[in-house]
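Participant: Got a structure for you, protein37.cif, holding mmCIF, C-alpha atoms.
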data_upload
loop_
_atom_site.label_atom_id
_atom_site.label_comp_id
_atom_site.auth_asym_id
_atom_site.auth_seq_id
_atom_site.Cartn_x
_atom_site.Cartn_y
_atom_site.Cartn_z
CA MET L 912 63.36 192.31 -39.52
CA THR L 913 59.84 190.96 -39.32
CA TRP L 914 56.81 190.22 -37.16
CA THR L 915 55.82 186.59 -36.63
CA PHE L 916 52.31 185.72 -35.47
CA THR L 917 50.79 182.61 -33.91
CA ASP L 918 47.89 181.48 -31.74
CA ASP L 919 50.17 179.00 -29.91
CA VAL L 920 51.25 180.41 -26.55
CA ASP L 921 54.05 177.85 -26.17
CA ALA L 922 55.52 178.81 -29.55
CA PHE L 923 55.28 182.47 -28.56
CA LEU L 924 56.99 181.98 -25.19
CA ASN L 925 59.66 179.74 -26.69
CA ALA L 926 60.53 182.57 -29.06
CA ALA L 927 59.96 185.62 -26.87
CA GLY L 928 60.02 184.40 -23.27
CA ALA L 929 63.65 185.30 -22.58
CA SER L 930 63.16 188.79 -23.99
CA LEU L 931 60.06 189.32 -21.86
CA ALA L 932 61.75 188.05 -18.69
CA ALA L 933 64.70 190.39 -19.19
CA ARG L 934 62.37 193.38 -18.63
CA PRO L 935 59.63 192.09 -16.33
CA ALA L 936 58.26 195.50 -15.32
CA GLU L 937 57.78 196.83 -18.86
CA ASN L 938 56.40 193.45 -19.97
CA THR L 939 54.26 192.67 -16.94
CA LEU L 940 50.96 192.62 -18.84
CA VAL L 941 52.24 190.36 -21.62
CA LEU L 942 53.84 188.04 -19.06
CA THR L 943 50.70 187.68 -16.96
CA VAL L 944 48.33 187.33 -19.91
CA THR L 945 50.42 184.65 -21.60
CA GLY L 946 50.89 182.91 -18.27
CA THR L 947 47.11 182.72 -17.93
CA LEU L 948 46.77 181.42 -21.49
CA ARG L 949 49.32 178.71 -20.75
CA ARG L 950 47.58 177.65 -17.52
CA THR L 951 43.96 177.97 -18.62
CA GLY L 952 43.88 177.56 -22.39
CA PRO L 953 43.48 179.77 -25.45
CA ARG L 954 39.93 180.89 -24.57
CA ALA L 955 40.89 182.20 -21.14
CA PHE L 956 39.76 185.74 -21.94
CA GLY L 957 37.10 185.34 -24.60
CA GLU L 958 35.53 183.19 -27.28
CA GLU L 959 38.23 183.79 -29.89
CA ASP L 960 41.74 182.36 -30.09
CA PRO L 961 44.50 184.79 -29.16
CA LEU L 962 46.91 186.41 -31.58
CA LEU L 963 50.49 186.50 -30.31
CA GLY L 964 53.35 188.18 -32.12
CA TRP L 965 57.04 188.93 -31.82
CA TRP L 966 59.45 191.15 -33.76
CA ARG L 967 63.06 190.30 -34.49
CA GLY L 968 65.46 193.10 -35.24
CA ALA L 969 68.45 193.12 -37.58
CA ASP L 970 70.53 191.24 -35.00
CA GLY L 971 67.97 188.43 -34.86
CA GLU L 972 66.98 189.20 -31.25
CA VAL L 973 63.36 189.63 -30.18
CA ALA L 974 62.76 193.36 -29.73
CA GLY L 975 58.98 193.61 -29.55
CA THR L 976 55.91 191.62 -28.52
CA LEU L 977 52.15 191.80 -29.00
CA VAL L 978 49.26 189.93 -27.40
CA HIS L 979 45.65 190.20 -28.57
CA THR L 980 42.97 188.37 -26.59
CA PRO L 981 39.56 189.56 -27.87
CA PRO L 982 37.44 191.24 -26.60
CA TYR L 983 40.40 193.13 -25.14
CA PRO L 984 42.38 195.41 -27.50
CA PRO L 985 45.84 194.43 -28.79
CA MET L 986 48.53 194.95 -26.16
CA LEU L 987 52.21 195.66 -26.70
CA GLY L 988 55.08 194.74 -24.44
CA SER L 989 58.35 196.61 -24.77
CA VAL L 990 58.89 197.20 -28.49
CA ALA L 991 61.57 198.78 -30.65
CA PRO L 992 60.38 201.97 -32.41
CA GLU L 993 61.31 200.56 -35.82
CA ALA L 994 58.86 197.68 -35.30
CA LEU L 995 55.79 199.93 -35.11
CA GLY L 996 55.43 200.77 -38.80
CA PRO L 997 55.59 197.11 -39.90
CA LEU L 998 53.11 196.22 -37.15
CA ALA L 999 50.61 198.78 -38.41
CA GLU L 1000 51.01 197.42 -41.95
CA ALA L 1001 50.65 193.79 -40.85
CA LEU L 1002 47.61 194.15 -38.59
CA SER L 1003 45.96 197.53 -39.27
CA PRO L 1004 44.83 197.74 -35.62
CA THR L 1005 42.03 200.10 -34.65
CA ALA L 1006 42.92 200.15 -30.94
CA ILE L 1007 46.08 199.61 -28.95
CA ASN L 1008 47.20 199.28 -25.34
CA ALA L 1009 50.87 200.27 -25.24
CA ASP L 1010 53.48 202.46 -23.62
CA ARG L 1011 52.77 206.13 -24.22
CA ALA L 1012 55.36 206.66 -26.97
CA SER L 1013 54.40 203.55 -28.97
CA ALA L 1014 50.66 204.20 -28.64
CA GLU L 1015 51.06 207.77 -29.85
CA VAL L 1016 53.12 206.66 -32.86
CA LEU L 1017 50.50 204.13 -33.91
CA ALA L 1018 47.59 206.50 -33.24
CA ALA L 1019 49.18 209.20 -35.38
CA GLY L 1020 47.84 207.27 -38.37
CA TRP L 1021 44.28 207.31 -37.00
CA PRO L 1022 42.61 210.69 -37.70
CA GLY L 1023 40.24 211.57 -34.90
CA HIS L 1024 41.59 208.91 -32.52
CA ARG L 1025 40.68 209.13 -28.86
CA VAL L 1026 42.51 208.23 -25.68
CA GLU L 1027 40.26 205.86 -23.75
CA GLN L 1028 42.49 205.50 -20.70
CA GLU L 1029 45.84 206.63 -19.34
CA GLN L 1030 47.51 204.31 -16.85
CA ARG L 1031 50.68 204.62 -14.81
CA LEU L 1032 52.86 201.67 -13.88
CA TYR L 1033 54.28 201.79 -10.37
CA ARG L 1034 57.02 199.75 -8.72
CA LEU L 1035 57.19 199.21 -4.95
CA GLY L 1036 60.13 200.95 -3.32
CA GLU L 1037 60.26 201.03 0.47
CA LEU L 1038 56.90 199.89 1.78
CA VAL L 1039 55.27 202.40 4.14
CA PRO L 1040 52.15 200.83 5.72
CA PRO L 1041 49.34 203.29 6.50
CA SER L 1042 49.75 204.95 9.88
CA PRO L 1043 47.49 205.00 11.67
CA ALA L 1044 46.14 201.79 10.20
CA PRO L 1045 42.38 201.60 9.66
CA PRO L 1046 40.36 199.37 11.95
CA GLY L 1047 40.24 195.71 11.06
CA ARG L 1048 42.66 193.12 9.77
CA PRO L 1049 43.59 191.26 6.58
CA ARG L 1050 42.58 187.69 5.87
CA ALA L 1051 42.77 185.33 2.95
CA ALA L 1052 39.62 184.91 0.89
CA VAL L 1053 37.86 181.55 1.25
CA ALA L 1054 35.26 179.66 -0.75
CA ALA L 1055 32.45 181.04 1.42
CA ASP L 1056 33.28 184.54 0.13
CA ARG L 1057 32.68 183.55 -3.50
CA GLU L 1058 29.32 185.24 -4.10
CA LEU L 1059 30.47 188.54 -2.60
CA LEU L 1060 33.79 188.49 -4.46
CA VAL L 1061 32.21 187.70 -7.83
CA ALA L 1062 29.96 190.73 -7.34
CA TRP L 1063 32.97 192.85 -6.39
CA HIS L 1064 34.96 191.66 -9.42
CA LEU L 1065 32.05 192.56 -11.70
CA ALA L 1066 31.75 195.98 -10.07
CA PHE L 1067 35.50 196.53 -10.41
CA ALA L 1068 35.42 195.55 -14.10
CA GLU L 1069 32.59 198.01 -14.71
CA GLN L 1070 34.45 200.72 -12.80
CA VAL L 1071 37.59 200.36 -14.97
CA GLY L 1072 35.74 199.72 -18.23
CA GLN L 1073 36.77 196.10 -18.74
CA PRO L 1074 34.73 193.00 -19.65
CA GLY L 1075 33.64 191.06 -16.58
CA GLY L 1076 32.68 187.77 -18.15
CA HIS L 1077 35.23 185.65 -16.30
CA ALA L 1078 34.69 186.94 -12.77
CA GLU L 1079 33.83 183.50 -11.39
CA ARG L 1080 37.00 181.91 -12.75
CA PHE L 1081 39.15 184.79 -11.53
CA VAL L 1082 37.70 184.51 -8.03
CA ASP L 1083 38.04 180.73 -7.90
CA GLU L 1084 41.65 180.72 -9.14
CA ARG L 1085 42.79 183.54 -6.89
CA THR L 1086 41.07 182.09 -3.85
CA ALA L 1087 42.47 178.60 -4.44
CA ASP L 1088 46.00 179.97 -4.90
CA GLY L 1089 45.83 182.27 -1.88
CA ARG L 1090 46.25 185.33 -4.10
CA LEU L 1091 43.10 187.18 -3.02
CA THR L 1092 43.14 189.06 0.28
CA LEU L 1093 40.29 190.80 2.08
CA TRP L 1094 40.36 193.57 4.66
CA GLU L 1095 37.77 192.80 7.32
CA ASP L 1096 36.41 195.30 9.83
CA GLY L 1097 34.12 194.12 12.60
CA GLY L 1098 33.66 190.78 10.87
CA VAL L 1099 32.57 192.46 7.61
CA ALA L 1100 34.65 192.28 4.42
CA VAL L 1101 35.22 195.88 3.30
CA SER L 1102 37.97 195.80 0.65
CA MET L 1103 39.98 193.38 -1.49
CA ALA L 1104 43.23 193.14 -3.42
CA CYS L 1105 44.75 190.41 -5.59
CA VAL L 1106 48.23 189.59 -6.85
CA SER L 1107 49.24 187.91 -10.08
CA PRO L 1108 51.29 184.70 -10.07
CA GLU L 1109 55.01 185.42 -9.88
CA THR L 1110 56.59 185.55 -13.33
CA ALA L 1111 60.23 186.43 -14.00
CA GLY L 1112 60.57 187.44 -10.35
CA ALA L 1113 57.69 189.95 -10.53
CA VAL L 1114 54.11 190.06 -9.28
CA ARG L 1115 51.47 192.69 -9.96
CA VAL L 1116 48.85 193.90 -7.51
CA ALA L 1117 45.46 194.08 -9.21
CA GLY L 1118 41.75 194.14 -8.51
CA VAL L 1119 41.99 196.58 -5.62
CA TYR L 1120 38.35 197.35 -4.86
CA THR L 1121 36.36 198.87 -2.02
CA PRO L 1122 32.58 199.13 -2.42
CA PRO L 1123 31.28 202.70 -2.27
CA GLU L 1124 29.72 202.34 1.17
CA HIS L 1125 33.11 201.47 2.69
CA ARG L 1126 35.30 204.07 0.97
CA GLY L 1127 37.12 206.86 2.73
CA HIS L 1128 38.42 204.81 5.67
CA GLY L 1129 41.83 203.75 4.33
CA TYR L 1130 40.88 200.13 3.71
CA ALA L 1131 42.25 200.03 0.15
CA ALA L 1132 45.63 201.36 1.25
CA ALA L 1133 45.78 198.83 4.07
CA VAL L 1134 44.89 195.79 1.99
CA THR L 1135 47.26 196.89 -0.81
CA ALA L 1136 50.07 197.33 1.69
CA GLU L 1137 49.38 193.87 3.10
CA VAL L 1138 49.45 192.04 -0.24
CA SER L 1139 52.56 194.01 -1.20
CA ARG L 1140 54.28 193.03 2.05
CA ALA L 1141 53.32 189.39 1.58
CA ALA L 1142 54.60 189.36 -2.01
CA ARG L 1143 57.94 190.74 -0.89
CA ALA L 1144 58.11 188.24 1.95
CA ALA L 1145 57.43 185.42 -0.52
CA GLY L 1146 60.48 186.47 -2.54
CA ALA L 1147 59.17 188.66 -5.33
CA ALA L 1148 61.95 190.90 -6.63
CA GLU L 1149 59.49 193.31 -8.24
CA VAL L 1150 56.04 194.28 -6.92
CA LEU L 1151 54.12 196.30 -9.49
CA LEU L 1152 50.70 197.85 -9.99
CA PHE L 1153 48.83 200.03 -12.47
CA THR L 1154 46.62 202.99 -11.70
CA ASP L 1155 44.24 205.05 -13.80
CA LEU L 1156 45.72 208.54 -14.11
CA ALA L 1157 42.17 209.92 -14.10
CA ASN L 1158 41.89 208.83 -10.46
CA PRO L 1159 44.15 211.09 -8.38
CA THR L 1160 42.97 209.50 -5.14
CA SER L 1161 44.31 206.03 -5.94
CA ASN L 1162 47.55 207.46 -7.35
CA GLY L 1163 48.07 209.39 -4.12
CA VAL L 1164 47.30 206.35 -1.98
CA TYR L 1165 49.83 204.12 -3.72
CA ARG L 1166 52.58 206.73 -3.65
CA ARG L 1167 52.06 207.25 0.08
CA ILE L 1168 52.60 203.55 0.81
CA GLY L 1169 55.84 203.41 -1.18
CA TYR L 1170 55.04 202.90 -4.86
CA GLU L 1171 57.19 204.82 -7.35
CA PRO L 1172 56.22 205.68 -10.95
CA VAL L 1173 57.89 203.73 -13.76
CA SER L 1174 56.10 204.55 -17.02
CA ASP L 1175 52.73 205.36 -18.58
CA ARG L 1176 50.50 203.34 -20.85
CA LEU L 1177 47.67 204.51 -23.08
CA LEU L 1178 44.61 202.75 -24.42
CA ILE L 1179 43.85 204.50 -27.71
CA SER L 1180 41.05 203.77 -30.18
CA ALA L 1181 40.66 204.92 -33.76
CA ARG L 1182 37.60 206.99 -34.60
CA GLU L 1183 34.57 204.86 -35.35
CA THR L 1184 33.52 204.87 -39.00
CA ARG L 1185 29.87 204.78 -40.00
#
Please express what this file holds, its structure, as structure tokens.
Facilitator:
Amino acid sequence: MTWTFTDDVDAFLNAAGASLAARPAENTLVLTVTGTLRRTGPRAFGEEDPLLGWWRGADGEVAGTLVHTPPYPPMLGSVAPEALGPLAEALSPTAINADRASAEVLAAGWPGHRVEQEQRLYRLGELVPPSPAPPGRPRAAVAADRELLVAWHLAFAEQVGQPGGHAERFVDERTADGRLTLWEDGGVAVSMACVSPETAGAVRVAGVYTPPEHRGHGYAAAVTAEVSRAARAAGAAEVLLFTDLANPTSNGVYRRIGYEPVSDRLLISARETR
């Protein structure tokens, strides 16, 4: 029973890909991050090479995964409880993004740790489009929207406390692949939503953003419902999204259009030492 680490995404997916695909909802973040690394290269998220790890249990099967793409904190996929102690010994992490139970186990060894963010994973059940729908209509983003969308991606990253250094690439990739949708009202773009590439039959809605001056009209619910509908129509077996539990408005919006809670994740940091 041991952790194996590499910076080679192909080696990681050759070892752990089947285990990840067997539980696509619980492993959605690891699947999408490693998919991006495979498509774009090892520096897709920052200036350092990634660290990728997998745990094999007593039966030889992969029962835990980790992805670390600095400047983002280490991230766990589904992981067996018995793998957490050896992980802490091997890496001595000072932050973790993991399911609630795993994050709390690791953070128990960090006196004075703090919870930076609590997220909830949702799965689409029966889609219930907003009724009445807000004014306007959805449309696919195009190259002419680039400047606006880069600004929106940067604003979204700041809003959720994430680095925004790759906004241009994210916009270009999502626009080229048809994965970025706008809600337009009176010829003005007022909200956006993106979807991840399909992996193991699942897609994840992300980057839902409405600038402050356009909030309160139902645009975010409408554009999220539209990208969710389109993902289902394209054959996705699972349509997922994360919300920040500190934002009751967005949690309420997604539940009203048919999303059902699956599990919680925590981002926990150890206390800074001086």
Participant: Take the PyMOL selection byres ((chain L and resi 931) around 12), run it mentally on this structure, and tell me the resulting residues as a ChimeraX atom specification.
Facilitator: /L:923-930,932-943,945-946,965,972-977,987-990,1110-1113
Participant: Excluding same-chain residues fewer than 4 positions from range 998-1000 of chain L, what lies within 8 Å of it counting only C-alpha atoms, as a list in words?
Facilitator: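 Non-adjacent residues within range: Trp914, Ala994, Pro1004 and Leu1017 of chain L.
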Participant: Put those residues in a file: C-alpha atoms, as a PDB file, in the frame of the given file.
Facilitator:
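Dumped to result-v7.pdb:
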ATOM      1  CA  TRP L 914      56.810 190.220 -37.160  1.00  0.00           C
ATOM      2  CA  ALA L 994      58.860 197.680 -35.300  1.00  0.00           C
ATOM      3  CA  PRO L1004      44.830 197.740 -35.620  1.00  0.00           C
ATOM      4  CA  LEU L1017      50.500 204.130 -33.910  1.00  0.00           C
TER       5      LEU L1017
END
Participant: At most 8 Å is the cut-off: for each residue in range 1108-1128 of chain L with any atom that close to an atom of range 1146-1162 of chain L, write down the nearest atom pair and the distance in Å rounded to one decimal, counting all atoms listed in the file, chain first then increasing number, as a Markdown table.
Facilitator:
| residue | atom | partner | partner_atom | distance |
| --- | --- | --- | --- | --- |
| L:Glu1109 | CA | L:Ala1147 | CA | 7.0 |
| L:Gly1112 | CA | L:Ala1148 | CA | 5.3 |
| L:Ala1113 | CA | L:Glu1149 | CA | 4.4 |
| L:Val1114 | CA | L:Val1150 | CA | 5.2 |
| L:Arg1115 | CA | L:Leu1151 | CA | 4.5 |
| L:Val1116 | CA | L:Leu1152 | CA | 5.0 |
| L:Ala1117 | CA | L:Leu1152 | CA | 6.5 |
Participant: Which residue out of L:Val1099, L:Ala1131, L:Val1138, L:Leu1065 has the minimum interatomic distance to Val1119 in chain L when only C-alpha atoms are used?
Facilitator: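 When distances to Val1119 in chain L are compared using only C-alpha atoms, the smallest one comes from L:Ala1131.
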Participant: Could you tell me which residues the PyMOL selection byres ((chain L and resi 954) around 12) returns for this structure, as a list of chain:residue names?
Facilitator: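 For this structure, the PyMOL selection byres ((chain L and resi 954) around 12) captures L:Asp918, L:Asp919, L:Val920, L:Val944, L:Thr945, L:Thr947, L:Leu948, L:Arg949, L:Arg950, L:Thr951, L:Gly952, L:Pro953, L:Ala955, L:Phe956, L:Gly957, L:Glu958, L:Glu959, L:Asp960, L:Pro961, L:Leu962, L:His979, L:Thr980, L:Pro981, L:Pro982, L:Gly1076, L:His1077.
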Participant: Give me, as a list in words, all polymer residues having an atom no more than 7 Å from Ser1180 in chain L, counting all atoms listed in the file and skipping those fewer than 3 positions away in the same chain.
Facilitator: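 So the residues in contact are Thr1005, Ala1006, Ile1007, His1024, Arg1025, Val1026 and Glu1027 of chain L.
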Participant: If you keep C-alpha atoms, can you produce a file of those selected residues as a tab-separated table (two decimals), keeping the file's coordinate frame?
Facilitator:
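Result written to out_7.tsv:
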chain	number	residue	atom	x	y	z
L	1005	THR	CA	42.03	200.10	-34.65
L	1006	ALA	CA	42.92	200.15	-30.94
L	1007	ILE	CA	46.08	199.61	-28.95
L	1024	HIS	CA	41.59	208.91	-32.52
L	1025	ARG	CA	40.68	209.13	-28.86
L	1026	VAL	CA	42.51	208.23	-25.68
L	1027	GLU	CA	40.26	205.86	-23.75
Participant: Do you have the CA of Arg1057 in chain L-CA of Gly1097 in chain L distance handy?
Facilitator: 19.3 Å
Participant: Out of L:Val1106, L:Val1101, L:Ala1181, L:Leu995, which residue has the shortest atom-to-atom distance to His1125 in chain L when counting all atoms listed in the file?
Facilitator: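 Closest residue, counting all atoms listed in the file: L:Val1101.
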Participant: Can range 1093-1112 of chain L be brought up to N, CA, C and O atoms and written out as an mmCIF file, in the frame of the given file?
Facilitator:
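part-v3.cif, written as the output of this step:
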data_model
loop_
_atom_site.group_PDB
_atom_site.id
_atom_site.type_symbol
_atom_site.label_atom_id
_atom_site.label_comp_id
_atom_site.auth_asym_id
_atom_site.auth_seq_id
_atom_site.Cartn_x
_atom_site.Cartn_y
_atom_site.Cartn_z
ATOM 1 N N LEU L 1093 41.350 189.887 1.655
ATOM 2 C CA LEU L 1093 40.290 190.800 2.080
ATOM 3 C C LEU L 1093 40.761 191.601 3.290
ATOM 4 O O LEU L 1093 41.552 191.111 4.113
ATOM 5 N N TRP L 1094 40.254 192.838 3.396
ATOM 6 C CA TRP L 1094 40.360 193.570 4.660
ATOM 7 C C TRP L 1094 38.997 193.452 5.322
ATOM 8 O O TRP L 1094 37.970 193.694 4.700
ATOM 9 N N GLU L 1095 39.006 193.059 6.587
ATOM 10 C CA GLU L 1095 37.770 192.800 7.320
ATOM 11 C C GLU L 1095 37.715 193.726 8.526
ATOM 12 O O GLU L 1095 38.695 193.849 9.275
ATOM 13 N N ASP L 1096 36.597 194.390 8.707
ATOM 14 C CA ASP L 1096 36.410 195.300 9.830
ATOM 15 C C ASP L 1096 35.137 194.908 10.572
ATOM 16 O O ASP L 1096 34.049 194.914 9.987
ATOM 17 N N GLY L 1097 35.285 194.537 11.822
ATOM 18 C CA GLY L 1097 34.120 194.120 12.600
ATOM 19 C C GLY L 1097 33.438 192.900 12.045
ATOM 20 O O GLY L 1097 32.206 192.777 12.127
ATOM 21 N N GLY L 1098 34.222 191.998 11.448
ATOM 22 C CA GLY L 1098 33.660 190.780 10.870
ATOM 23 C C GLY L 1098 33.045 190.962 9.505
ATOM 24 O O GLY L 1098 32.489 190.013 8.950
ATOM 25 N N VAL L 1099 33.152 192.167 8.919
ATOM 26 C CA VAL L 1099 32.570 192.460 7.610
ATOM 27 C C VAL L 1099 33.705 192.714 6.617
ATOM 28 O O VAL L 1099 34.598 193.527 6.880
ATOM 29 N N ALA L 1100 33.661 192.024 5.481
ATOM 30 C CA ALA L 1100 34.650 192.280 4.420
ATOM 31 C C ALA L 1100 34.371 193.649 3.822
ATOM 32 O O ALA L 1100 33.241 193.950 3.428
ATOM 33 N N VAL L 1101 35.415 194.499 3.739
ATOM 34 C CA VAL L 1101 35.220 195.880 3.300
ATOM 35 C C VAL L 1101 36.099 196.271 2.109
ATOM 36 O O VAL L 1101 35.877 197.324 1.499
ATOM 37 N N SER L 1102 37.089 195.461 1.764
ATOM 38 C CA SER L 1102 37.970 195.800 0.650
ATOM 39 C C SER L 1102 38.711 194.537 0.230
ATOM 40 O O SER L 1102 38.814 193.571 1.004
ATOM 41 N N MET L 1103 39.228 194.542 -1.017
ATOM 42 C CA MET L 1103 39.980 193.380 -1.490
ATOM 43 C C MET L 1103 41.145 193.835 -2.354
ATOM 44 O O MET L 1103 41.169 194.951 -2.888
ATOM 45 N N ALA L 1104 42.126 192.959 -2.490
ATOM 46 C CA ALA L 1104 43.230 193.140 -3.420
ATOM 47 C C ALA L 1104 43.740 191.763 -3.823
ATOM 48 O O ALA L 1104 43.684 190.808 -3.032
ATOM 49 N N CYS L 1105 44.225 191.660 -5.060
ATOM 50 C CA CYS L 1105 44.750 190.410 -5.590
ATOM 51 C C CYS L 1105 46.196 190.615 -6.030
ATOM 52 O O CYS L 1105 46.638 191.742 -6.229
ATOM 53 N N VAL L 1106 46.913 189.530 -6.219
ATOM 54 C CA VAL L 1106 48.230 189.590 -6.850
ATOM 55 C C VAL L 1106 48.284 188.540 -7.955
ATOM 56 O O VAL L 1106 47.649 187.482 -7.870
ATOM 57 N N SER L 1107 49.036 188.853 -8.995
ATOM 58 C CA SER L 1107 49.240 187.910 -10.080
ATOM 59 C C SER L 1107 50.221 186.826 -9.651
ATOM 60 O O SER L 1107 50.993 187.017 -8.706
ATOM 61 N N PRO L 1108 50.236 185.680 -10.330
ATOM 62 C CA PRO L 1108 51.290 184.700 -10.070
ATOM 63 C C PRO L 1108 52.655 185.309 -10.363
ATOM 64 O O PRO L 1108 52.791 186.162 -11.251
ATOM 65 N N GLU L 1109 53.663 184.900 -9.637
ATOM 66 C CA GLU L 1109 55.010 185.420 -9.880
ATOM 67 C C GLU L 1109 55.515 184.932 -11.243
ATOM 68 O O GLU L 1109 55.428 183.751 -11.573
ATOM 69 N N THR L 1110 56.024 185.854 -12.023
ATOM 70 C CA THR L 1110 56.590 185.550 -13.330
ATOM 71 C C THR L 1110 57.847 186.381 -13.501
ATOM 72 O O THR L 1110 57.809 187.606 -13.325
ATOM 73 N N ALA L 1111 58.951 185.743 -13.821
ATOM 74 C CA ALA L 1111 60.230 186.430 -14.000
ATOM 75 C C ALA L 1111 60.583 187.272 -12.774
ATOM 76 O O ALA L 1111 61.144 188.365 -12.887
ATOM 77 N N GLY L 1112 60.237 186.758 -11.592
ATOM 78 C CA GLY L 1112 60.570 187.440 -10.350
ATOM 79 C C GLY L 1112 59.651 188.580 -9.990
ATOM 80 O O GLY L 1112 59.904 189.279 -8.999
#
